[in-house]
>>> print(open('input-v3.cif').read())   # mmCIF, C-alpha atoms and all ligand atoms
data_data
loop_
_atom_site.group_PDB
_atom_site.id
_atom_site.type_symbol
_atom_site.label_atom_id
_atom_site.label_comp_id
_atom_site.auth_asym_id
_atom_site.auth_seq_id
_atom_site.Cartn_x
_atom_site.Cartn_y
_atom_site.Cartn_z
ATOM 1 C CA MET O 20 -9.976 11.394 -18.712
ATOM 2 C CA LYS O 21 -10.078 7.812 -17.541
ATOM 3 C CA ASP O 22 -6.563 7.311 -18.981
ATOM 4 C CA ASP O 23 -5.170 9.807 -16.482
ATOM 5 C CA TYR O 24 -5.930 7.456 -13.617
ATOM 6 C CA ILE O 25 -3.965 4.421 -12.507
ATOM 7 C CA LEU O 26 -6.647 3.298 -10.056
ATOM 8 C CA ASN O 27 -10.405 3.670 -10.174
ATOM 9 C CA ILE O 28 -12.564 2.171 -7.452
ATOM 10 C CA ASN O 29 -16.290 2.386 -8.030
ATOM 11 C CA ASN O 30 -18.932 1.758 -5.381
ATOM 12 C CA LEU O 31 -16.887 -0.977 -3.723
ATOM 13 C CA LYS O 32 -18.765 -2.876 -1.029
ATOM 14 C CA VAL O 33 -16.911 -5.534 0.936
ATOM 15 C CA SER O 34 -17.995 -7.747 3.837
ATOM 16 C CA ILE O 35 -16.166 -9.802 6.409
ATOM 17 C CA ASP O 36 -18.189 -12.457 8.208
ATOM 18 C CA ASP O 37 -21.475 -10.881 7.045
ATOM 19 C CA LYS O 38 -20.466 -7.464 8.332
ATOM 20 C CA GLN O 39 -20.252 -4.909 5.565
ATOM 21 C CA VAL O 40 -17.044 -2.980 6.254
ATOM 22 C CA LEU O 41 -16.649 -1.106 2.975
ATOM 23 C CA GLN O 42 -19.945 0.523 2.186
ATOM 24 C CA GLY O 43 -19.489 1.958 -1.285
ATOM 25 C CA ILE O 44 -15.935 3.228 -1.775
ATOM 26 C CA ASP O 45 -15.370 5.621 -4.668
ATOM 27 C CA LEU O 46 -11.736 6.518 -5.103
ATOM 28 C CA SER O 47 -9.410 7.408 -7.931
ATOM 29 C CA VAL O 48 -5.648 7.764 -7.997
ATOM 30 C CA LYS O 49 -4.029 9.723 -10.814
ATOM 31 C CA LYS O 50 -0.968 8.504 -12.657
ATOM 32 C CA GLY O 51 2.138 9.841 -10.917
ATOM 33 C CA GLU O 52 0.188 10.888 -7.847
ATOM 34 C CA VAL O 53 0.897 10.307 -4.172
ATOM 35 C CA HIS O 54 -2.534 9.869 -2.642
ATOM 36 C CA ALA O 55 -2.999 9.515 1.112
ATOM 37 C CA ILE O 56 -5.964 7.805 2.701
ATOM 38 C CA MET O 57 -6.504 8.829 6.282
ATOM 39 C CA GLY O 58 -9.170 7.724 8.706
ATOM 40 C CA PRO O 59 -9.831 6.712 12.288
ATOM 41 C CA ASN O 60 -9.123 3.224 13.658
ATOM 42 C CA GLY O 61 -11.578 0.649 12.405
ATOM 43 C CA SER O 62 -12.798 2.773 9.499
ATOM 44 C CA GLY O 63 -11.908 0.146 6.882
ATOM 45 C CA LYS O 64 -8.467 1.254 5.656
ATOM 46 C CA SER O 65 -6.746 -2.122 5.946
ATOM 47 C CA THR O 66 -9.872 -3.803 4.603
ATOM 48 C CA LEU O 67 -9.510 -1.645 1.512
ATOM 49 C CA ALA O 68 -5.867 -2.718 1.117
ATOM 50 C CA TYR O 69 -6.767 -6.417 1.556
ATOM 51 C CA SER O 70 -9.670 -6.035 -0.873
ATOM 52 C CA LEU O 71 -7.320 -4.580 -3.497
ATOM 53 C CA MET O 72 -5.184 -7.678 -3.086
ATOM 54 C CA GLY O 73 -8.222 -9.971 -3.225
ATOM 55 C CA HIS O 74 -7.752 -11.602 0.172
ATOM 56 C CA PRO O 75 -10.122 -14.611 0.345
ATOM 57 C CA SER O 76 -11.646 -13.612 3.719
ATOM 58 C CA TYR O 77 -12.988 -10.392 2.227
ATOM 59 C CA GLU O 78 -16.172 -10.841 0.249
ATOM 60 C CA LEU O 79 -16.802 -8.411 -2.568
ATOM 61 C CA ASP O 80 -20.538 -7.599 -2.501
ATOM 62 C CA SER O 81 -20.474 -5.159 -5.405
ATOM 63 C CA GLY O 82 -18.394 -2.615 -7.243
ATOM 64 C CA ASP O 83 -15.325 -2.619 -9.416
ATOM 65 C CA ILE O 84 -11.595 -1.948 -9.159
ATOM 66 C CA GLU O 85 -9.728 -0.867 -12.280
ATOM 67 C CA LEU O 86 -5.955 -0.738 -12.541
ATOM 68 C CA ASP O 87 -4.810 1.231 -15.569
ATOM 69 C CA SER O 88 -8.351 1.108 -17.040
ATOM 70 C CA GLU O 89 -8.655 -2.669 -16.661
ATOM 71 C CA SER O 90 -10.822 -4.450 -14.105
ATOM 72 C CA ILE O 91 -8.706 -6.517 -11.714
ATOM 73 C CA VAL O 92 -11.378 -7.915 -9.384
ATOM 74 C CA ASP O 93 -11.256 -11.367 -10.938
ATOM 75 C CA LEU O 94 -7.468 -11.631 -11.108
ATOM 76 C CA GLU O 95 -5.267 -13.713 -8.808
ATOM 77 C CA PRO O 96 -2.836 -11.785 -6.559
ATOM 78 C CA HIS O 97 0.188 -12.718 -8.727
ATOM 79 C CA GLU O 98 -1.650 -11.529 -11.866
ATOM 80 C CA LYS O 99 -2.342 -8.215 -10.151
ATOM 81 C CA ALA O 100 1.347 -7.953 -9.317
ATOM 82 C CA GLN O 101 2.226 -8.622 -12.960
ATOM 83 C CA LYS O 102 -0.134 -5.813 -13.964
ATOM 84 C CA GLY O 103 1.878 -3.491 -11.723
ATOM 85 C CA LEU O 104 0.177 -3.516 -8.327
ATOM 86 C CA PHE O 105 2.389 -3.693 -5.240
ATOM 87 C CA LEU O 106 1.019 -3.999 -1.732
ATOM 88 C CA ALA O 107 3.064 -3.378 1.369
ATOM 89 C CA PHE O 108 1.540 -4.612 4.593
ATOM 90 C CA GLN O 109 2.315 -3.818 8.179
ATOM 91 C CA TYR O 110 3.695 -7.252 8.994
ATOM 92 C CA PRO O 111 5.802 -8.608 6.114
ATOM 93 C CA MET O 112 6.327 -12.357 6.062
ATOM 94 C CA GLU O 113 9.506 -14.030 7.337
ATOM 95 C CA ILE O 114 11.034 -16.695 5.072
ATOM 96 C CA PRO O 115 13.856 -18.477 6.911
ATOM 97 C CA GLY O 116 16.193 -20.264 4.514
ATOM 98 C CA LEU O 117 15.664 -17.896 1.575
ATOM 99 C CA GLN O 118 18.285 -15.196 1.116
ATOM 100 C CA MET O 119 17.117 -11.665 0.383
ATOM 101 C CA GLU O 120 18.872 -11.393 -2.963
ATOM 102 C CA SER O 121 17.523 -14.740 -4.223
ATOM 103 C CA PHE O 122 14.073 -13.702 -3.112
ATOM 104 C CA LEU O 123 14.364 -10.349 -4.871
ATOM 105 C CA ARG O 124 15.608 -12.059 -8.028
ATOM 106 C CA SER O 125 12.671 -14.495 -8.093
ATOM 107 C CA ALA O 126 10.187 -11.723 -7.344
ATOM 108 C CA VAL O 127 11.489 -9.474 -10.130
ATOM 109 C CA SER O 128 11.754 -12.388 -12.532
ATOM 110 C CA SER O 129 8.211 -13.655 -11.955
ATOM 111 C CA ILE O 130 6.631 -10.202 -12.038
ATOM 112 C CA LYS O 131 8.672 -8.390 -14.680
ATOM 113 C CA GLY O 132 9.995 -11.322 -16.686
ATOM 114 C CA SER O 133 13.176 -13.407 -16.541
ATOM 115 C CA GLU O 134 15.010 -11.049 -18.950
ATOM 116 C CA GLU O 135 15.258 -8.556 -16.085
ATOM 117 C CA THR O 136 17.364 -10.877 -13.942
ATOM 118 C CA LYS O 137 19.116 -13.035 -16.550
ATOM 119 C CA ASP O 138 22.444 -11.324 -15.923
ATOM 120 C CA VAL O 139 23.071 -12.257 -12.288
ATOM 121 C CA PHE O 140 25.951 -9.785 -11.868
ATOM 122 C CA ASP O 141 23.980 -6.960 -13.371
ATOM 123 C CA PHE O 142 21.066 -7.723 -11.048
ATOM 124 C CA HIS O 143 23.453 -7.868 -8.084
ATOM 125 C CA ARG O 144 24.764 -4.421 -9.023
ATOM 126 C CA LYS O 145 21.205 -3.076 -9.212
ATOM 127 C CA VAL O 146 20.384 -4.512 -5.776
ATOM 128 C CA LEU O 147 23.531 -2.992 -4.253
ATOM 129 C CA LYS O 148 22.806 0.369 -5.874
ATOM 130 C CA GLU O 149 19.301 0.545 -4.390
ATOM 131 C CA MET O 150 20.568 -0.730 -1.032
ATOM 132 C CA ARG O 151 23.156 2.018 -0.939
ATOM 133 C CA TYR O 152 20.516 4.562 -1.892
ATOM 134 C CA LEU O 153 18.302 3.404 0.985
ATOM 135 C CA GLY O 154 21.213 3.115 3.431
ATOM 136 C CA ILE O 155 20.782 -0.643 3.882
ATOM 137 C CA ASP O 156 23.878 -2.576 4.934
ATOM 138 C CA GLU O 157 25.137 -4.819 2.115
ATOM 139 C CA SER O 158 25.135 -7.843 4.430
ATOM 140 C CA PHE O 159 21.350 -7.863 4.202
ATOM 141 C CA ALA O 160 21.538 -9.241 0.665
ATOM 142 C CA ASP O 161 22.735 -12.556 2.143
ATOM 143 C CA ARG O 162 20.397 -12.685 5.115
ATOM 144 C CA TYR O 163 17.179 -14.696 5.117
ATOM 145 C CA VAL O 164 14.069 -12.736 4.142
ATOM 146 C CA ASN O 165 12.865 -10.773 7.168
ATOM 147 C CA ASP O 166 14.240 -13.457 9.513
ATOM 148 C CA GLY O 167 15.291 -11.685 12.684
ATOM 149 C CA PHE O 168 14.850 -8.285 11.020
ATOM 150 C CA SER O 169 13.625 -5.510 13.266
ATOM 151 C CA GLY O 170 10.386 -3.751 12.277
ATOM 152 C CA GLY O 171 12.379 -0.936 10.662
ATOM 153 C CA GLU O 172 14.641 -3.366 8.804
ATOM 154 C CA LYS O 173 11.634 -5.267 7.429
ATOM 155 C CA LYS O 174 10.222 -2.022 6.155
ATOM 156 C CA ARG O 175 13.525 -1.079 4.513
ATOM 157 C CA ALA O 176 13.602 -4.516 2.855
ATOM 158 C CA GLU O 177 10.087 -3.961 1.565
ATOM 159 C CA VAL O 178 10.961 -0.559 0.146
ATOM 160 C CA LEU O 179 13.967 -2.167 -1.545
ATOM 161 C CA GLN O 180 11.633 -4.717 -3.124
ATOM 162 C CA MET O 181 9.362 -1.899 -4.272
ATOM 163 C CA LEU O 182 12.246 -0.010 -5.914
ATOM 164 C CA LEU O 183 13.396 -3.090 -7.785
ATOM 165 C CA LEU O 184 9.895 -4.047 -8.928
ATOM 166 C CA GLN O 185 8.937 -0.502 -9.950
ATOM 167 C CA PRO O 186 5.190 -1.092 -9.750
ATOM 168 C CA LYS O 187 2.673 1.179 -11.467
ATOM 169 C CA LEU O 188 0.875 1.575 -8.145
ATOM 170 C CA ALA O 189 2.268 0.869 -4.686
ATOM 171 C CA VAL O 190 -0.250 0.600 -1.851
ATOM 172 C CA MET O 191 1.254 0.989 1.608
ATOM 173 C CA ASP O 192 -0.821 0.290 4.694
ATOM 174 C CA GLU O 193 0.217 1.902 8.009
ATOM 175 C CA THR O 194 3.808 1.966 6.889
ATOM 176 C CA ASP O 195 4.706 4.365 9.653
ATOM 177 C CA SER O 196 3.443 2.529 12.704
ATOM 178 C CA GLY O 197 6.234 1.365 14.937
ATOM 179 C CA LEU O 198 8.974 2.946 12.830
ATOM 180 C CA ASP O 199 11.576 5.366 14.109
ATOM 181 C CA ILE O 200 12.254 8.584 12.249
ATOM 182 C CA ASP O 201 15.223 7.158 10.333
ATOM 183 C CA ALA O 202 13.126 4.262 9.038
ATOM 184 C CA ILE O 203 10.311 6.633 8.075
ATOM 185 C CA LYS O 204 12.835 8.701 6.135
ATOM 186 C CA VAL O 205 13.927 5.561 4.250
ATOM 187 C CA VAL O 206 10.323 4.792 3.359
ATOM 188 C CA ALA O 207 9.873 8.401 2.245
ATOM 189 C CA LYS O 208 13.007 8.203 0.103
ATOM 190 C CA GLY O 209 11.666 5.102 -1.623
ATOM 191 C CA VAL O 210 8.262 6.641 -2.207
ATOM 192 C CA ASN O 211 9.734 9.875 -3.509
ATOM 193 C CA ARG O 212 12.011 7.923 -5.848
ATOM 194 C CA LEU O 213 9.019 6.026 -7.284
ATOM 195 C CA LYS O 214 7.136 9.277 -7.724
ATOM 196 C CA GLU O 215 10.092 10.826 -9.552
ATOM 197 C CA LYS O 216 9.899 7.914 -11.982
ATOM 198 C CA GLY O 217 6.224 8.664 -12.632
ATOM 199 C CA MET O 218 4.720 5.883 -10.523
ATOM 200 C CA SER O 219 1.760 6.254 -8.199
ATOM 201 C CA ILE O 220 1.521 5.606 -4.488
ATOM 202 C CA LEU O 221 -1.516 5.100 -2.274
ATOM 203 C CA ILE O 222 -0.448 5.576 1.301
ATOM 204 C CA ILE O 223 -2.816 4.560 4.064
ATOM 205 C CA THR O 224 -2.338 5.914 7.547
ATOM 206 C CA HIS O 225 -4.335 7.052 10.525
ATOM 207 C CA TYR O 226 -2.068 9.887 11.419
ATOM 208 C CA GLN O 227 -0.031 12.639 9.936
ATOM 209 C CA ARG O 228 3.552 11.793 10.920
ATOM 210 C CA ILE O 229 4.688 10.089 7.716
ATOM 211 C CA LEU O 230 3.160 12.906 5.683
ATOM 212 C CA ASP O 231 5.786 15.264 7.105
ATOM 213 C CA TYR O 232 8.238 13.361 4.888
ATOM 214 C CA ILE O 233 6.047 12.225 2.025
ATOM 215 C CA HIS O 234 4.039 15.046 0.559
ATOM 216 C CA PRO O 235 0.753 13.781 -0.844
ATOM 217 C CA ASP O 236 -0.817 15.439 -3.885
ATOM 218 C CA ARG O 237 -4.278 14.545 -2.616
ATOM 219 C CA VAL O 238 -5.750 13.283 0.632
ATOM 220 C CA SER O 239 -8.964 11.286 1.118
ATOM 221 C CA VAL O 240 -10.749 10.662 4.392
ATOM 222 C CA LEU O 241 -12.167 7.187 4.922
ATOM 223 C CA SER O 242 -14.648 6.846 7.740
ATOM 224 C CA GLY O 243 -17.370 4.306 8.385
ATOM 225 C CA GLY O 244 -16.440 2.395 5.249
ATOM 226 C CA LYS O 245 -16.854 5.350 2.874
ATOM 227 C CA ILE O 246 -14.670 8.066 1.411
ATOM 228 C CA LEU O 247 -16.170 11.215 2.905
ATOM 229 C CA LYS O 248 -13.846 13.835 1.431
ATOM 230 C CA THR O 249 -10.978 14.211 -1.031
ATOM 231 C CA ALA O 250 -8.903 17.387 -1.133
ATOM 232 C CA GLY O 251 -5.348 18.735 -1.410
ATOM 233 C CA PRO O 252 -2.516 18.235 1.109
ATOM 234 C CA GLU O 253 -3.969 20.928 3.385
ATOM 235 C CA LEU O 254 -6.594 18.374 4.448
ATOM 236 C CA ALA O 255 -3.907 16.290 6.211
ATOM 237 C CA LYS O 256 -2.755 19.357 8.165
ATOM 238 C CA GLU O 257 -6.336 20.141 9.076
ATOM 239 C CA LEU O 258 -6.882 16.580 10.336
ATOM 240 C CA GLU O 259 -3.767 16.845 12.469
ATOM 241 C CA LYS O 260 -5.374 19.766 14.307
ATOM 242 C CA THR O 261 -8.996 18.694 14.449
ATOM 243 C CA GLY O 262 -8.833 14.890 14.382
ATOM 244 C CA TYR O 263 -11.720 13.054 12.744
ATOM 245 C CA LYS O 264 -14.587 14.655 14.654
ATOM 246 C CA ASP O 265 -15.959 16.253 11.474
ATOM 247 C CA PHE O 266 -15.975 12.871 9.764
ATOM 248 C CA VAL O 267 -18.188 10.824 12.004
ATOM 249 C CA PRO O 268 -20.292 8.523 9.834
ATOM 250 C CA LYS O 269 -23.968 9.533 9.746
ATOM 251 C CA LYS O 270 -25.413 6.379 11.221
ATOM 252 C CA SER O 271 -23.762 3.554 13.080
ATOM 253 C CA SER O 272 -21.220 2.411 10.541
ATOM 254 C CA LEU O 273 -20.186 -1.072 9.585
ATOM 255 C CA ASP O 274 -23.758 -2.350 9.404
ATOM 256 C CA VAL O 275 -24.498 -5.978 9.943
ATOM 257 C CA LYS O 276 -26.203 -7.435 6.870
ATOM 258 C CA PHE O 277 -29.475 -9.294 7.372
HETATM 259 N N1 LIG I 301 -10.770 -10.527 9.578
HETATM 260 C C1 LIG I 301 -11.705 -9.804 10.195
HETATM 261 N N2 LIG I 301 -12.708 -10.407 10.897
HETATM 262 C C2 LIG I 301 -13.656 -9.679 11.503
HETATM 263 N N3 LIG I 301 -13.730 -8.344 11.477
HETATM 264 C C3 LIG I 301 -12.772 -7.693 10.809
HETATM 265 C C4 LIG I 301 -11.713 -8.384 10.129
HETATM 266 N N4 LIG I 301 -10.907 -7.461 9.530
HETATM 267 C C5 LIG I 301 -11.453 -6.275 9.831
HETATM 268 N N5 LIG I 301 -12.567 -6.405 10.593
HETATM 269 C C6 LIG I 301 -13.389 -5.322 11.120
HETATM 270 O O1 LIG I 301 -13.604 -4.382 10.096
HETATM 271 C C7 LIG I 301 -13.528 -3.058 10.596
HETATM 272 C C8 LIG I 301 -12.467 -2.277 9.829
HETATM 273 O O2 LIG I 301 -11.180 -2.832 10.116
HETATM 274 P P1 LIG I 301 -9.863 -2.334 9.400
HETATM 275 O O3 LIG I 301 -8.763 -3.195 9.868
HETATM 276 O O4 LIG I 301 -10.109 -2.244 7.936
HETATM 277 O O5 LIG I 301 -9.726 -0.857 9.991
HETATM 278 P P2 LIG I 301 -8.548 0.216 9.827
HETATM 279 O O6 LIG I 301 -9.191 1.455 9.301
HETATM 280 O O7 LIG I 301 -7.447 -0.385 9.060
HETATM 281 O O8 LIG I 301 -8.139 0.471 11.340
HETATM 282 P P3 LIG I 301 -6.694 0.800 11.992
HETATM 283 O O9 LIG I 301 -6.497 2.285 11.861
HETATM 284 O O10 LIG I 301 -6.876 0.407 13.427
HETATM 285 O O11 LIG I 301 -5.641 -0.003 11.296
HETATM 286 C C9 LIG I 301 -13.240 -3.191 12.085
HETATM 287 O O12 LIG I 301 -14.460 -3.071 12.768
HETATM 288 C C10 LIG I 301 -12.660 -4.587 12.214
HETATM 289 O O13 LIG I 301 -12.947 -5.147 13.478
HETATM 290 MG MG MG I 302 -5.426 -0.858 9.496
#
>>> encode(input="input-v3.cif", output="structure tokens")
Amino acid sequence: MKDDYILNINNLKVSIDDKQVLQGIDLSVKKGEVHAIMGPNGSGKSTLAYSLMGHPSYELDSGDIELDSESIVDLEPHEKAQKGLFLAFQYPMEIPGLQMESFLRSAVSSIKGSEETKDVFDFHRKVLKEMRYLGIDESFADRYVNDGFSGGEKKRAEVLQMLLLQPKLAVMDETDSGLDIDAIKVVAKGVNRLKEKGMSILIITHYQRILDYIHPDRVSVLSGGKILKTAGPELAKELEKTGYKDFVPKKSSLDVKF
């Protein structure tokens, strides 16, 4: 049933500078599912994440993206966020001068509505509760957004944002790169908490490490701009042993359009 899926991507083709990077992506994510996308470097994983967001450099040649049975290809990024899409990128932005808690309050208010943050003390309590859960020092609430944060601290701050926003679908691109084990465990805690609450997560990575802590329900392999296989969690284990040699695209991938 279509209603069982939070995300449906149909025949998505996307180009950057006249080079077609996504060559017909078909992918679906079930409600409440943790779905991992794995694939070699340069296969189009980040392009897929940017295309979901609607980044202006990525040209949509054809196809459709539905979030909760509704097409989102023509929506602005903030409208997508209001519909429940959250994207976590590898390099979160630094905003000197804006304190974390103020930022979180504005984000929650603009995405979920001002009712959610009307009671400042109640919101503060919620922030502290999630910070404690993630093992983030309370002093971070007063620090400027990502300013001087280490890679791991930025990631923790992003997971905190995700827990407060409670999106329907969180898309996380290469969340594990550059993180130590403790930071990966924090990310995993956040993801597992969202899953417990019935939300869905699409986790994009080129290697297995984070999947030792986050157990995907399904795994898809993206190579040469296409999804070549979707299977259960055993596929991630298999890829750890064999690498991507069985998923070499048939012809030279990433064709140049003429
Ligand atoms: N802004 C851009 N301009 C030109 N080419 C790009 C751009 N972004 C991506 N590409 C190209 O598109 C292809 C796919 O890149 P993408 O970043 O999606 O790969 P990836 O699967 O995320 O790789 P990695 O595992 O290294 O993160 C690559 O050949 C890359 O060079
Ligand atoms: Mg990438």
>>> closest_residue(input="input-v3.cif", among="O:Ser47, O:Gln227, O:Ser242, O:Ser34", to="Pro75 in chain O", atoms="all atoms listed in the file")
O:Ser34
>>> resolve_selection(input="input-v3.cif", expression="the PyMOL selection byres (((chain O and resi 135) around 12) and not hetatm)", output="list in words")
Leu123, Arg124, Ser125, Ala126, Val127, Ser128, Ser129, Ile130, Lys131, Gly132, Ser133, Glu134, Thr136, Lys137, Asp138, Val139, Phe140, Asp141, Phe142, His143, Lys145, Leu183, Leu184 and Gln185 of chain O
>>> residues_around(input="input-v3.cif", residues="Tyr77 in chain O", least_positions_apart="6", cutoff="9 Å", atoms="only C-alpha atoms", output="list in words")
Val33, Ser34, Ile35, Asp36, Thr66, Tyr69 and Ser70 of chain O
>>> write_last_selection(input="input-v3.cif", atoms="C-alpha atoms", output="short mmCIF file (atom, residue, chain, number, x, y, z; two decimals), in the frame of the given file")
data_model
loop_
_atom_site.label_atom_id
_atom_site.label_comp_id
_atom_site.auth_asym_id
_atom_site.auth_seq_id
_atom_site.Cartn_x
_atom_site.Cartn_y
_atom_site.Cartn_z
CA VAL O 33 -16.91 -5.53 0.94
CA SER O 34 -18.00 -7.75 3.84
CA ILE O 35 -16.17 -9.80 6.41
CA ASP O 36 -18.19 -12.46 8.21
CA THR O 66 -9.87 -3.80 4.60
CA TYR O 69 -6.77 -6.42 1.56
CA SER O 70 -9.67 -6.04 -0.87
#
>>> residues_near_ligand(input="input-v3.cif", ligand="ligand LIG 301 (chain I)", cutoff="10 Å", atoms="all atoms listed in the file", output="VMD selection string")
chain O and resid 33 to 41 56 to 70 74 76 to 77 109 192 to 193 196 223 to 226 241 to 244 272 to 274
>>> write_last_selection(input="input-v3.cif", atoms="C-alpha atoms", output="mmCIF file, in the coordinates of the input")
data_model
loop_
_atom_site.group_PDB
_atom_site.id
_atom_site.type_symbol
_atom_site.label_atom_id
_atom_site.label_comp_id
_atom_site.auth_asym_id
_atom_site.auth_seq_id
_atom_site.Cartn_x
_atom_site.Cartn_y
_atom_site.Cartn_z
ATOM 1 C CA VAL O 33 -16.911 -5.534 0.936
ATOM 2 C CA SER O 34 -17.995 -7.747 3.837
ATOM 3 C CA ILE O 35 -16.166 -9.802 6.409
ATOM 4 C CA ASP O 36 -18.189 -12.457 8.208
ATOM 5 C CA ASP O 37 -21.475 -10.881 7.045
ATOM 6 C CA LYS O 38 -20.466 -7.464 8.332
ATOM 7 C CA GLN O 39 -20.252 -4.909 5.565
ATOM 8 C CA VAL O 40 -17.044 -2.980 6.254
ATOM 9 C CA LEU O 41 -16.649 -1.106 2.975
ATOM 10 C CA ILE O 56 -5.964 7.805 2.701
ATOM 11 C CA MET O 57 -6.504 8.829 6.282
ATOM 12 C CA GLY O 58 -9.170 7.724 8.706
ATOM 13 C CA PRO O 59 -9.831 6.712 12.288
ATOM 14 C CA ASN O 60 -9.123 3.224 13.658
ATOM 15 C CA GLY O 61 -11.578 0.649 12.405
ATOM 16 C CA SER O 62 -12.798 2.773 9.499
ATOM 17 C CA GLY O 63 -11.908 0.146 6.882
ATOM 18 C CA LYS O 64 -8.467 1.254 5.656
ATOM 19 C CA SER O 65 -6.746 -2.122 5.946
ATOM 20 C CA THR O 66 -9.872 -3.803 4.603
ATOM 21 C CA LEU O 67 -9.510 -1.645 1.512
ATOM 22 C CA ALA O 68 -5.867 -2.718 1.117
ATOM 23 C CA TYR O 69 -6.767 -6.417 1.556
ATOM 24 C CA SER O 70 -9.670 -6.035 -0.873
ATOM 25 C CA HIS O 74 -7.752 -11.602 0.172
ATOM 26 C CA SER O 76 -11.646 -13.612 3.719
ATOM 27 C CA TYR O 77 -12.988 -10.392 2.227
ATOM 28 C CA GLN O 109 2.315 -3.818 8.179
ATOM 29 C CA ASP O 192 -0.821 0.290 4.694
ATOM 30 C CA GLU O 193 0.217 1.902 8.009
ATOM 31 C CA SER O 196 3.443 2.529 12.704
ATOM 32 C CA ILE O 223 -2.816 4.560 4.064
ATOM 33 C CA THR O 224 -2.338 5.914 7.547
ATOM 34 C CA HIS O 225 -4.335 7.052 10.525
ATOM 35 C CA TYR O 226 -2.068 9.887 11.419
ATOM 36 C CA LEU O 241 -12.167 7.187 4.922
ATOM 37 C CA SER O 242 -14.648 6.846 7.740
ATOM 38 C CA GLY O 243 -17.370 4.306 8.385
ATOM 39 C CA GLY O 244 -16.440 2.395 5.249
ATOM 40 C CA SER O 272 -21.220 2.411 10.541
ATOM 41 C CA LEU O 273 -20.186 -1.072 9.585
ATOM 42 C CA ASP O 274 -23.758 -2.350 9.404
#
>>> residues_around(input="input-v3.cif", residues="range 210-221 of chain O", least_positions_apart="4", cutoff="8 Å", atoms="all atoms listed in the file", output="PyMOL selection string")
chain O and resi 25+48-56+182+185-191+206+233
>>> closest_residue(input="input-v3.cif", among="O:Ile44, O:Leu79, O:Val238, O:Ile114", to="Val164 in chain O", atoms="all atoms listed in the file")
O:Ile114
>>> atom_distance(input="input-v3.cif", atom1="CA of Gly82 in chain O", atom2="CA of Asn30 in chain O")
4.8 Å
>>> atom_distance(input="input-v3.cif", atom1="CA of Ser158 in chain O", atom2="CA of Ala176 in chain O")
12.1 Å
>>> atom_distance(input="input-v3.cif", atom1="CA of Ser81 in chain O", atom2="CA of Tyr263 in chain O")
27.2 Å
>>> closest_residue(input="input-v3.cif", among="O:Ile91, O:Ala100, O:Ile222, O:Leu26", to="ligand MG 302 (chain I)", atoms="only C-alpha atoms and all ligand atoms")
O:Ile222
>>> closest_residue(input="input-v3.cif", among="O:Val240, O:Glu78, O:Gln101, O:Ala160", to="Asp45 in chain O", atoms="only C-alpha atoms")
O:Val240
>>> closest_residue(input="input-v3.cif", among="O:Lys245, O:Glu177, O:Ser88, O:Leu230", to="Leu258 in chain O", atoms="all atoms listed in the file")
O:Leu230
>>> resolve_selection(input="input-v3.cif", expression="the PyMOL selection byres (((chain O and resi 119) around 6) and not hetatm)", output="ChimeraX atom specification")
/O:118,120-122,160-164
>>> resolve_selection(input="input-v3.cif", expression="the PyMOL selection byres (((chain O and resi 28) around 6) and not hetatm)", output="list in words")
Asn27, Asn29, Asp45, Leu46, Asp83 and Ile84 of chain O
>>> closest_residue(input="input-v3.cif", among="O:Ile246, O:Val178, O:Leu94, O:Ala255", to="Pro268 in chain O", atoms="all atoms listed in the file")
O:Ile246
>>> residues_around(input="input-v3.cif", residues="Glu157 in chain O", least_positions_apart="4", cutoff="10 Å", atoms="only C-alpha atoms", output="number ranges by chain")
O: 146-148, 150-151, 161-162
